[in-house]
Amino acid sequence: MTEHPTRVIFLGGLGRSGTTLLERLLAELPGVTALGEVVHLWSRGVLSAEPCGCGVPFPSCPFWRCVGERAFGGWSRPLAERVLALRHRVDRTRRIPRIAHPGLAEYADAYRRVYDAVGTPVVIDSSKHASLAYCLVAAGVDVRVAHVVRDPRAVAHSWGRSVPRPEDGRPMTRWGSARTALHWSAQNLALDRLARRGASVVRVRYEDLVADPAATLTALAGELGLSASGLPFLEGALVRLSPAHTVSGNPMRFAVGPVELRRDDSWRAALPARQRRLVGALTWPLRSRYGYLEAA
Ligand SMILES: [Zn+2]
């Protein structure tokens, strides 16, 4: 256990907004460990034994085995089921306005134990869901939120695509454009509100990150209180990624070695005009606040 509470960088936003990419970049900074989407550790890691980002099934990964020993004396099915039951009661988007709950302290403590057991001063939890960020803040965890936003039309295009999960070959969840637009607005609005409650929230745009990774990462690291003197893993648009023990996330969590950062604008050609207009209308005016002013 570390003597000081572990600082948690929580990556918030809707899925397919670049949180996994940002997590991998931040994890290259000294003293920072990426954990992936800890919210899914209990079901996908402990109960379903899905692979860690290092490629080994969660129960066999030495990193997670050590964290489990330190945090709970080992992972177990009853522990995972208990946390999942608490999650069902406490950690819900619709509960955000009244997040206080008798189970909150126990629920947040499970996360705190995981974070503290890692043993580095800073950990990244890319769980994304605003409701978990509210739970951690309300329970007094030392958490700073990086709120990742991306043009909702690009996000809608990504959620509409058929992509197999590398974990089990089954297709990733797909949503229609209207559903994506509503989730995009709900998650982003909730993270904006968290900032207004006095929590530490820094907003970063996916488009800025891929346009100028070094400048965006340096600025963000400064705002998150991380040391980023020199970014030896970045050369222009090329990043060299080390293996990471991420428990869940999008397929790029398995990428190791040189990866080219390139903005994915395929939605412009591939998302039908009717859906572009629909997403554009449903996400206004929030998308204008984030600078996505271009007409659909
Ligand atoms: Zn691992």
# chains A, B, ... in the order shown; residues from 1 in each chain; ligands from 1
>>> residues_near_ligand(ligand="ligand 1", cutoff="10 Å", atoms="only C-alpha atoms and all ligand atoms", output="ChimeraX atom specification")
/A:35,51-65,243-247
>>> write_last_selection(atoms="C-alpha atoms", output="compact mmCIF listing (two decimals), in the first residue's frame")
# COMPACT_ATOMS: atom_id res chain seq x y z
CA LEU A 35 -6.00 0.21 -15.47
CA PRO A 51 -7.98 -11.05 -21.41
CA CYS A 52 -6.01 -8.24 -19.79
CA GLY A 53 -4.40 -5.69 -22.14
CA CYS A 54 -1.19 -7.75 -21.83
CA GLY A 55 -3.01 -10.60 -23.61
CA VAL A 56 -3.20 -13.00 -20.64
CA PRO A 57 -6.60 -13.93 -19.16
CA PHE A 58 -7.39 -11.65 -16.19
CA PRO A 59 -7.10 -14.37 -13.49
CA SER A 60 -3.61 -15.38 -14.78
CA CYS A 61 -2.20 -11.86 -15.25
CA PRO A 62 0.55 -11.38 -12.61
CA PHE A 63 -0.19 -7.64 -12.36
CA TRP A 64 -3.88 -8.15 -11.54
CA ARG A 65 -3.18 -11.14 -9.33
CA PRO A 243 2.14 -3.01 -22.93
CA ALA A 244 -0.59 -2.01 -20.45
CA HIS A 245 -2.60 -4.13 -18.01
CA THR A 246 -5.95 -2.66 -18.97
CA VAL A 247 -8.91 -4.66 -17.74
>>> select_by_dssp(residues="segment 16-237 of chain A", states="strand (DSSP E or B)", output="number ranges by chain")
A: 32-34, 51, 57, 122-128, 143-149, 164, 171, 200-205, 234-235
>>> write_last_selection(atoms="N, CA and C atoms", output="mmCIF file, in the first residue's frame")
data_model
loop_
_atom_site.group_PDB
_atom_site.id
_atom_site.type_symbol
_atom_site.label_atom_id
_atom_site.label_comp_id
_atom_site.auth_asym_id
_atom_site.auth_seq_id
_atom_site.Cartn_x
_atom_site.Cartn_y
_atom_site.Cartn_z
ATOM 1 N N VAL A 32 2.658 6.782 -13.790
ATOM 2 C CA VAL A 32 1.234 6.647 -14.123
ATOM 3 C C VAL A 32 0.965 5.223 -14.605
ATOM 4 N N THR A 33 -0.071 4.584 -14.074
ATOM 5 C CA THR A 33 -0.435 3.235 -14.507
ATOM 6 C C THR A 33 -1.866 3.228 -15.045
ATOM 7 N N ALA A 34 -2.032 2.678 -16.254
ATOM 8 C CA ALA A 34 -3.367 2.559 -16.858
ATOM 9 C C ALA A 34 -4.029 1.281 -16.383
ATOM 10 N N PRO A 51 -9.409 -11.366 -21.446
ATOM 11 C CA PRO A 51 -7.976 -11.048 -21.412
ATOM 12 C C PRO A 51 -7.678 -9.630 -20.922
ATOM 13 N N PRO A 57 -5.308 -14.024 -19.832
ATOM 14 C CA PRO A 57 -6.604 -13.931 -19.155
ATOM 15 C C PRO A 57 -6.467 -13.265 -17.785
ATOM 16 N N VAL A 122 -0.031 7.573 -9.367
ATOM 17 C CA VAL A 122 -1.194 7.946 -10.186
ATOM 18 C C VAL A 122 -1.684 6.720 -10.947
ATOM 19 N N VAL A 123 -2.996 6.523 -10.976
ATOM 20 C CA VAL A 123 -3.581 5.480 -11.819
ATOM 21 C C VAL A 123 -4.631 6.120 -12.729
ATOM 22 N N ILE A 124 -4.871 5.469 -13.870
ATOM 23 C CA ILE A 124 -5.924 5.945 -14.774
ATOM 24 C C ILE A 124 -7.036 4.928 -14.809
ATOM 25 N N ASP A 125 -8.245 5.391 -14.551
ATOM 26 C CA ASP A 125 -9.444 4.564 -14.701
ATOM 27 C C ASP A 125 -10.229 5.157 -15.862
ATOM 28 N N SER A 126 -10.323 4.400 -16.967
ATOM 29 C CA SER A 126 -11.015 4.933 -18.149
ATOM 30 C C SER A 126 -12.446 4.405 -18.234
ATOM 31 N N SER A 127 -13.103 4.265 -17.071
ATOM 32 C CA SER A 127 -14.469 3.716 -17.033
ATOM 33 C C SER A 127 -15.483 4.556 -17.799
ATOM 34 N N LYS A 128 -15.223 5.836 -17.975
ATOM 35 C CA LYS A 128 -16.021 6.753 -18.809
ATOM 36 C C LYS A 128 -17.339 7.220 -18.200
ATOM 37 N N VAL A 143 -9.719 12.237 -7.031
ATOM 38 C CA VAL A 143 -9.957 11.968 -8.442
ATOM 39 C C VAL A 143 -9.960 13.266 -9.253
ATOM 40 N N ARG A 144 -9.267 13.224 -10.373
ATOM 41 C CA ARG A 144 -9.333 14.310 -11.350
ATOM 42 C C ARG A 144 -9.908 13.732 -12.638
ATOM 43 N N VAL A 145 -10.874 14.419 -13.180
ATOM 44 C CA VAL A 145 -11.565 13.890 -14.348
ATOM 45 C C VAL A 145 -11.039 14.556 -15.613
ATOM 46 N N ALA A 146 -10.638 13.737 -16.582
ATOM 47 C CA ALA A 146 -10.373 14.248 -17.925
ATOM 48 C C ALA A 146 -11.603 13.901 -18.757
ATOM 49 N N HIS A 147 -12.311 14.931 -19.169
ATOM 50 C CA HIS A 147 -13.580 14.762 -19.890
ATOM 51 C C HIS A 147 -13.276 14.807 -21.391
ATOM 52 N N VAL A 148 -13.391 13.650 -22.039
ATOM 53 C CA VAL A 148 -13.015 13.544 -23.450
ATOM 54 C C VAL A 148 -14.259 13.710 -24.321
ATOM 55 N N VAL A 149 -14.217 14.676 -25.233
ATOM 56 C CA VAL A 149 -15.355 14.879 -26.142
ATOM 57 C C VAL A 149 -14.894 14.693 -27.587
ATOM 58 N N PRO A 164 -15.898 -6.589 -34.488
ATOM 59 C CA PRO A 164 -15.801 -7.730 -33.561
ATOM 60 C C PRO A 164 -14.950 -7.388 -32.344
ATOM 61 N N PRO A 171 -19.685 -9.447 -31.828
ATOM 62 C CA PRO A 171 -19.731 -8.042 -32.239
ATOM 63 C C PRO A 171 -19.842 -7.092 -31.045
ATOM 64 N N SER A 200 -12.694 18.479 -9.920
ATOM 65 C CA SER A 200 -11.642 18.847 -10.860
ATOM 66 C C SER A 200 -11.905 18.137 -12.199
ATOM 67 N N VAL A 201 -12.341 18.897 -13.186
ATOM 68 C CA VAL A 201 -12.676 18.333 -14.495
ATOM 69 C C VAL A 201 -11.975 19.144 -15.582
ATOM 70 N N VAL A 202 -11.209 18.482 -16.416
ATOM 71 C CA VAL A 202 -10.524 19.136 -17.530
ATOM 72 C C VAL A 202 -11.080 18.561 -18.822
ATOM 73 N N ARG A 203 -11.495 19.424 -19.729
ATOM 74 C CA ARG A 203 -12.063 18.901 -20.974
ATOM 75 C C ARG A 203 -10.988 18.813 -22.044
ATOM 76 N N VAL A 204 -11.010 17.706 -22.805
ATOM 77 C CA VAL A 204 -10.058 17.561 -23.914
ATOM 78 C C VAL A 204 -10.815 17.031 -25.127
ATOM 79 N N ARG A 205 -10.536 17.616 -26.287
ATOM 80 C CA ARG A 205 -11.212 17.185 -27.515
ATOM 81 C C ARG A 205 -10.354 16.156 -28.240
ATOM 82 N N LEU A 234 6.662 9.984 -28.111
ATOM 83 C CA LEU A 234 5.936 10.629 -29.211
ATOM 84 C C LEU A 234 6.910 11.244 -30.196
ATOM 85 N N GLU A 235 6.685 10.947 -31.496
ATOM 86 C CA GLU A 235 7.469 11.592 -32.558
ATOM 87 C C GLU A 235 6.486 12.030 -33.611
#
>>> residues_around(residues="Ser248 of chain A", least_positions_apart="6", cutoff="7 Å", atoms="only C-alpha atoms", output="PyMOL selection string")
chain A and resi 36-37+40
>>> write_last_selection(atoms="all heavy atoms", output="PDB file, in the first residue's frame")
ATOM      1  N   GLY A  36      -7.434   0.602 -17.424  1.00  0.00           N
ATOM      2  CA  GLY A  36      -8.572   0.308 -18.291  1.00  0.00           C
ATOM      3  C   GLY A  36      -9.874   0.711 -17.612  1.00  0.00           C
ATOM      4  O   GLY A  36      -9.881   1.562 -16.716  1.00  0.00           O
ATOM      5  N   GLU A  37     -10.962   0.064 -18.012  1.00  0.00           N
ATOM      6  CA  GLU A  37     -12.287   0.422 -17.491  1.00  0.00           C
ATOM      7  C   GLU A  37     -12.568  -0.417 -16.247  1.00  0.00           C
ATOM      8  O   GLU A  37     -13.084  -1.530 -16.330  1.00  0.00           O
ATOM      9  CB  GLU A  37     -13.330   0.201 -18.583  1.00  0.00           C
ATOM     10  CG  GLU A  37     -13.039   1.066 -19.808  1.00  0.00           C
ATOM     11  CD  GLU A  37     -13.930   0.760 -21.006  1.00  0.00           C
ATOM     12  OE1 GLU A  37     -14.841  -0.083 -20.904  1.00  0.00           O
ATOM     13  OE2 GLU A  37     -13.693   1.372 -22.063  1.00  0.00           O
ATOM     14  N   HIS A  40     -15.717  -2.401 -15.384  1.00  0.00           N
ATOM     15  CA  HIS A  40     -15.984  -3.717 -15.963  1.00  0.00           C
ATOM     16  C   HIS A  40     -15.079  -4.816 -15.388  1.00  0.00           C
ATOM     17  O   HIS A  40     -15.154  -5.967 -15.817  1.00  0.00           O
ATOM     18  CB  HIS A  40     -15.811  -3.666 -17.482  1.00  0.00           C
ATOM     19  CG  HIS A  40     -16.806  -2.761 -18.140  1.00  0.00           C
ATOM     20  ND1 HIS A  40     -18.164  -2.917 -17.959  1.00  0.00           N
ATOM     21  CD2 HIS A  40     -16.659  -1.688 -18.955  1.00  0.00           C
ATOM     22  CE1 HIS A  40     -18.805  -1.979 -18.654  1.00  0.00           C
ATOM     23  NE2 HIS A  40     -17.914  -1.224 -19.252  1.00  0.00           N
TER      24      HIS A  40
END
>>> atom_distance(atom1="atom CA of Ala269 of chain A", atom2="atom CA of Val155 of chain A")
13.9 Å
>>> residues_around(residues="Ala139 of chain A", least_positions_apart="6", cutoff="8 Å", atoms="only C-alpha atoms", output="list in words")
Leu104, Ala105 and Ala108 of chain A
>>> residues_around(residues="Leu209 of chain A", least_positions_apart="3", cutoff="12 Å", atoms="only C-alpha atoms", output="PyMOL selection string")
chain A and resi 17-19+21-23+25-26+148-150+203-206+212-220+236-237+261-264
>>> write_last_selection(atoms="N, CA, C and O atoms", output="compact mmCIF listing (two decimals), in the first residue's frame")
# COMPACT_ATOMS: atom_id res chain seq x y z
N SER A 17 -15.01 7.86 -28.08
CA SER A 17 -14.59 9.26 -28.15
C SER A 17 -13.09 9.41 -28.03
O SER A 17 -12.58 10.53 -27.98
N GLY A 18 -12.37 8.31 -27.95
CA GLY A 18 -10.91 8.39 -27.87
C GLY A 18 -10.35 8.20 -26.47
O GLY A 18 -9.18 8.48 -26.23
N THR A 19 -11.17 7.69 -25.54
CA THR A 19 -10.67 7.55 -24.16
C THR A 19 -9.56 6.49 -24.07
O THR A 19 -8.61 6.68 -23.31
N LEU A 21 -7.38 5.63 -26.38
CA LEU A 21 -6.17 6.25 -26.93
C LEU A 21 -5.53 7.19 -25.91
O LEU A 21 -4.33 7.12 -25.64
N LEU A 22 -6.35 8.06 -25.31
CA LEU A 22 -5.81 9.00 -24.33
C LEU A 22 -5.22 8.26 -23.13
O LEU A 22 -4.16 8.63 -22.62
N GLU A 23 -5.91 7.21 -22.72
CA GLU A 23 -5.40 6.44 -21.58
C GLU A 23 -4.01 5.87 -21.88
O GLU A 23 -3.10 5.95 -21.05
N LEU A 25 -1.80 6.99 -23.97
CA LEU A 25 -0.79 8.06 -24.04
C LEU A 25 -0.40 8.52 -22.63
O LEU A 25 0.79 8.65 -22.32
N LEU A 26 -1.40 8.74 -21.77
CA LEU A 26 -1.11 9.21 -20.41
C LEU A 26 -0.29 8.17 -19.63
O LEU A 26 0.53 8.52 -18.79
N VAL A 148 -13.39 13.65 -22.04
CA VAL A 148 -13.02 13.54 -23.45
C VAL A 148 -14.26 13.71 -24.32
O VAL A 148 -15.25 12.99 -24.15
N VAL A 149 -14.22 14.68 -25.23
CA VAL A 149 -15.35 14.88 -26.14
C VAL A 149 -14.89 14.69 -27.59
O VAL A 149 -13.73 14.88 -27.92
N ARG A 150 -15.85 14.28 -28.42
CA ARG A 150 -15.58 14.09 -29.83
C ARG A 150 -16.85 14.47 -30.59
O ARG A 150 -17.96 14.32 -30.07
N ARG A 203 -11.49 19.42 -19.73
CA ARG A 203 -12.06 18.90 -20.97
C ARG A 203 -10.99 18.81 -22.04
O ARG A 203 -10.13 19.70 -22.17
N VAL A 204 -11.01 17.71 -22.81
CA VAL A 204 -10.06 17.56 -23.91
C VAL A 204 -10.82 17.03 -25.13
O VAL A 204 -11.67 16.15 -25.00
N ARG A 205 -10.54 17.62 -26.29
CA ARG A 205 -11.21 17.18 -27.52
C ARG A 205 -10.35 16.16 -28.24
O ARG A 205 -9.16 16.37 -28.45
N TYR A 206 -10.98 15.05 -28.63
CA TYR A 206 -10.29 14.01 -29.40
C TYR A 206 -9.60 14.61 -30.62
O TYR A 206 -8.46 14.27 -30.95
N ASP A 212 -2.58 17.48 -32.72
CA ASP A 212 -1.28 17.86 -32.14
C ASP A 212 -1.10 17.11 -30.81
O ASP A 212 -1.33 17.68 -29.73
N PRO A 213 -0.73 15.82 -30.89
CA PRO A 213 -0.66 15.00 -29.67
C PRO A 213 0.27 15.59 -28.61
O PRO A 213 -0.09 15.64 -27.43
N ALA A 214 1.44 16.09 -29.02
CA ALA A 214 2.42 16.55 -28.03
C ALA A 214 1.89 17.77 -27.28
O ALA A 214 1.93 17.82 -26.05
N ALA A 215 1.39 18.76 -28.02
CA ALA A 215 0.91 19.99 -27.37
C ALA A 215 -0.31 19.69 -26.49
O ALA A 215 -0.41 20.19 -25.36
N THR A 216 -1.23 18.87 -27.00
CA THR A 216 -2.45 18.59 -26.24
C THR A 216 -2.13 17.79 -24.98
O THR A 216 -2.65 18.08 -23.90
N LEU A 217 -1.24 16.81 -25.12
CA LEU A 217 -0.88 15.97 -23.98
C LEU A 217 -0.11 16.77 -22.92
O LEU A 217 -0.35 16.62 -21.73
N THR A 218 0.79 17.64 -23.38
CA THR A 218 1.56 18.46 -22.43
C THR A 218 0.63 19.37 -21.64
O THR A 218 0.73 19.48 -20.42
N ALA A 219 -0.30 20.03 -22.35
CA ALA A 219 -1.24 20.94 -21.68
C ALA A 219 -2.12 20.16 -20.70
O ALA A 219 -2.32 20.57 -19.56
N LEU A 220 -2.61 19.01 -21.15
CA LEU A 220 -3.51 18.21 -20.30
C LEU A 220 -2.77 17.70 -19.07
O LEU A 220 -3.28 17.77 -17.95
N GLY A 236 6.09 13.30 -33.57
CA GLY A 236 5.06 13.77 -34.49
C GLY A 236 3.77 13.01 -34.24
O GLY A 236 3.24 13.02 -33.13
N ALA A 237 3.30 12.32 -35.29
CA ALA A 237 2.03 11.58 -35.15
C ALA A 237 2.27 10.12 -34.77
O ALA A 237 1.33 9.34 -34.71
N LEU A 261 -1.03 8.08 -35.03
CA LEU A 261 -2.25 8.76 -34.61
C LEU A 261 -2.82 9.50 -35.81
O LEU A 261 -2.18 10.38 -36.37
N ARG A 262 -3.99 9.10 -36.20
CA ARG A 262 -4.61 9.71 -37.37
C ARG A 262 -6.07 9.98 -37.05
O ARG A 262 -6.76 9.14 -36.49
N ARG A 263 -6.52 11.17 -37.43
CA ARG A 263 -7.92 11.52 -37.17
C ARG A 263 -8.82 10.68 -38.07
O ARG A 263 -8.60 10.59 -39.27
N ASP A 264 -9.83 10.05 -37.47
CA ASP A 264 -10.75 9.22 -38.22
C ASP A 264 -11.98 10.06 -38.59
O ASP A 264 -12.83 10.33 -37.75
>>> atom_distance(atom1="atom CA of Val259 of chain A", atom2="atom CA of Val239 of chain A")
5.3 Å
